[in-house]
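Colleague: The structure follows.
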Amino acid sequence: MLNVIRFNEEFKPIVLECASQAMDLETADVKIAIVSRVVEMDKTDSLVNYIIAKGKVDNNYWVRLVSNR
């Protein structure tokens, strides 16, 4: 899902919004996958920072660990 952004930047807000919603609803494995890919993106983007912030306060230890790297 996040690889779409590399090909076409116009989809970035839509894809990041879906990733943000997935951080609320998905399992820890999916959250870890999202956060591990999002941390490599531009950290000046507010949606990227929002997703990372969600990971930092997640209930799962591994999600928090990946988010705090």
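In the structure tokens, chains take letters A, B, ... by order of appearance, with residues numbered from 1 within each chain and ligands from 1 in the order shown.
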Could you pull out all residues of chain A with a DSSP call of helix (DSSP H, G or I) and give them as a PyMOL selection string?

Modeller: chain A and resi 4-7+9-25+28-38+46-56+61-67

Colleague: Just write the chosen residues, N, CA and C atoms, as a CSV table (one decimal), in the first residue's frame.

Modeller:
```
chain,number,residue,atom,x,y,z
A,4,VAL,N,2.8,2.7,-3.3
A,4,VAL,CA,2.1,3.5,-4.3
A,4,VAL,C,2.6,4.9,-4.2
A,5,ILE,N,3.0,5.4,-3.1
A,5,ILE,CA,3.5,6.8,-2.9
A,5,ILE,C,4.8,7.0,-3.7
A,6,ARG,N,5.6,6.0,-3.8
A,6,ARG,CA,6.9,6.2,-4.6
A,6,ARG,C,6.6,6.4,-6.0
A,7,PHE,N,5.5,5.9,-6.6
A,7,PHE,CA,5.2,6.0,-8.0
A,7,PHE,C,4.4,7.3,-8.3
A,9,GLU,N,3.0,10.8,-6.2
A,9,GLU,CA,2.9,11.5,-5.0
A,9,GLU,C,1.5,12.1,-4.7
A,10,GLU,N,0.7,12.1,-5.7
A,10,GLU,CA,-0.7,12.7,-5.5
A,10,GLU,C,-1.5,11.8,-4.6
A,11,PHE,N,-1.1,10.5,-4.5
A,11,PHE,CA,-1.9,9.6,-3.7
A,11,PHE,C,-1.4,9.6,-2.2
A,12,LYS,N,-0.4,10.3,-1.9
A,12,LYS,CA,0.2,10.3,-0.6
A,12,LYS,C,-0.8,10.6,0.5
A,13,PRO,N,-1.6,11.7,0.4
A,13,PRO,CA,-2.6,11.9,1.5
A,13,PRO,C,-3.6,10.8,1.7
A,14,ILE,N,-4.1,10.3,0.6
A,14,ILE,CA,-5.1,9.2,0.7
A,14,ILE,C,-4.5,8.0,1.3
A,15,VAL,N,-3.3,7.6,0.9
A,15,VAL,CA,-2.7,6.4,1.4
A,15,VAL,C,-2.3,6.5,2.9
A,16,LEU,N,-1.8,7.7,3.3
A,16,LEU,CA,-1.4,7.9,4.7
A,16,LEU,C,-2.7,8.0,5.6
A,17,GLU,N,-3.8,8.5,5.0
A,17,GLU,CA,-5.0,8.5,5.8
A,17,GLU,C,-5.5,7.1,6.1
A,18,CYS,N,-5.4,6.2,5.1
A,18,CYS,CA,-5.8,4.8,5.2
A,18,CYS,C,-4.9,4.1,6.2
A,19,ALA,N,-3.6,4.4,6.1
A,19,ALA,CA,-2.6,3.9,7.1
A,19,ALA,C,-2.9,4.3,8.5
A,20,SER,N,-3.3,5.6,8.7
A,20,SER,CA,-3.7,6.1,10.0
A,20,SER,C,-4.9,5.4,10.6
A,21,GLN,N,-5.9,5.2,9.7
A,21,GLN,CA,-7.1,4.4,10.2
A,21,GLN,C,-6.7,3.0,10.5
A,22,ALA,N,-5.8,2.4,9.8
A,22,ALA,CA,-5.4,1.0,10.0
A,22,ALA,C,-4.7,0.9,11.4
A,23,MET,N,-4.0,2.0,11.8
A,23,MET,CA,-3.3,2.0,13.1
A,23,MET,C,-4.3,1.9,14.2
A,24,ASP,N,-5.6,2.3,14.0
A,24,ASP,CA,-6.6,2.1,15.0
A,24,ASP,C,-7.3,0.8,15.0
A,25,LEU,N,-7.3,0.1,13.9
A,25,LEU,CA,-8.2,-1.1,13.7
A,25,LEU,C,-7.4,-2.4,13.5
A,28,ALA,N,-1.4,-6.1,15.6
A,28,ALA,CA,-0.1,-5.6,15.9
A,28,ALA,C,0.9,-5.8,14.7
A,29,ASP,N,0.8,-7.0,14.0
A,29,ASP,CA,1.6,-7.3,12.9
A,29,ASP,C,1.5,-6.2,11.8
A,30,VAL,N,0.2,-5.9,11.5
A,30,VAL,CA,0.0,-4.9,10.4
A,30,VAL,C,0.5,-3.5,10.9
A,31,LYS,N,0.3,-3.2,12.1
A,31,LYS,CA,0.7,-1.9,12.7
A,31,LYS,C,2.2,-1.8,12.6
A,32,ILE,N,2.9,-2.8,12.9
A,32,ILE,CA,4.4,-2.8,12.8
A,32,ILE,C,4.9,-2.6,11.4
A,33,ALA,N,4.2,-3.3,10.5
A,33,ALA,CA,4.5,-3.1,9.1
A,33,ALA,C,4.3,-1.7,8.6
A,34,ILE,N,3.2,-1.1,9.0
A,34,ILE,CA,3.0,0.3,8.6
A,34,ILE,C,4.0,1.2,9.2
A,35,VAL,N,4.2,1.1,10.5
A,35,VAL,CA,5.2,2.0,11.2
A,35,VAL,C,6.6,1.8,10.6
A,36,SER,N,7.0,0.6,10.4
A,36,SER,CA,8.4,0.4,9.9
A,36,SER,C,8.6,1.0,8.5
A,37,ARG,N,7.5,1.1,7.7
A,37,ARG,CA,7.6,1.8,6.4
A,37,ARG,C,7.5,3.3,6.5
A,38,VAL,N,6.6,3.7,7.4
A,38,VAL,CA,6.4,5.2,7.5
A,38,VAL,C,7.6,5.9,8.1
A,46,SER,N,2.9,16.0,8.4
A,46,SER,CA,2.1,15.9,9.6
A,46,SER,C,1.4,14.5,9.7
A,47,LEU,N,1.0,13.9,8.6
A,47,LEU,CA,0.4,12.6,8.7
A,47,LEU,C,1.4,11.5,9.1
A,48,VAL,N,2.6,11.6,8.6
A,48,VAL,CA,3.6,10.7,9.0
A,48,VAL,C,3.9,10.8,10.5
A,49,ASN,N,4.0,12.0,11.0
A,49,ASN,CA,4.2,12.1,12.4
A,49,ASN,C,3.1,11.6,13.2
A,50,TYR,N,1.8,11.8,12.7
A,50,TYR,CA,0.6,11.4,13.4
A,50,TYR,C,0.6,9.8,13.5
A,51,ILE,N,1.0,9.2,12.4
A,51,ILE,CA,1.0,7.7,12.5
A,51,ILE,C,2.1,7.2,13.4
A,52,ILE,N,3.2,7.8,13.4
A,52,ILE,CA,4.3,7.4,14.3
A,52,ILE,C,3.9,7.7,15.8
A,53,ALA,N,3.2,8.8,16.0
A,53,ALA,CA,2.7,9.1,17.4
A,53,ALA,C,1.7,8.1,17.8
A,54,LYS,N,0.8,7.6,16.9
A,54,LYS,CA,-0.1,6.6,17.3
A,54,LYS,C,0.6,5.3,17.7
A,55,GLY,N,1.7,5.0,17.0
A,55,GLY,CA,2.4,3.8,17.3
A,55,GLY,C,3.1,3.9,18.6
A,56,LYS,N,3.6,5.1,19.0
A,56,LYS,CA,4.3,5.3,20.3
A,56,LYS,C,3.4,5.1,21.5
A,61,TYR,N,3.6,-3.8,22.9
A,61,TYR,CA,5.0,-3.4,23.2
A,61,TYR,C,5.8,-3.3,21.9
A,62,TRP,N,5.7,-4.3,21.0
A,62,TRP,CA,6.5,-4.3,19.7
A,62,TRP,C,6.1,-3.1,18.8
A,63,VAL,N,4.9,-2.7,18.8
A,63,VAL,CA,4.5,-1.5,18.0
A,63,VAL,C,5.2,-0.3,18.6
A,64,ARG,N,5.1,-0.2,19.9
A,64,ARG,CA,5.8,1.0,20.5
A,64,ARG,C,7.3,1.0,20.3
A,65,LEU,N,7.9,-0.2,20.3
A,65,LEU,CA,9.4,-0.3,20.1
A,65,LEU,C,9.7,0.1,18.7
A,66,VAL,N,9.0,-0.3,17.7
A,66,VAL,CA,9.3,0.0,16.3
A,66,VAL,C,9.1,1.5,16.1
A,67,SER,N,8.1,2.1,16.8
A,67,SER,CA,7.7,3.5,16.6
A,67,SER,C,8.8,4.4,17.2
```
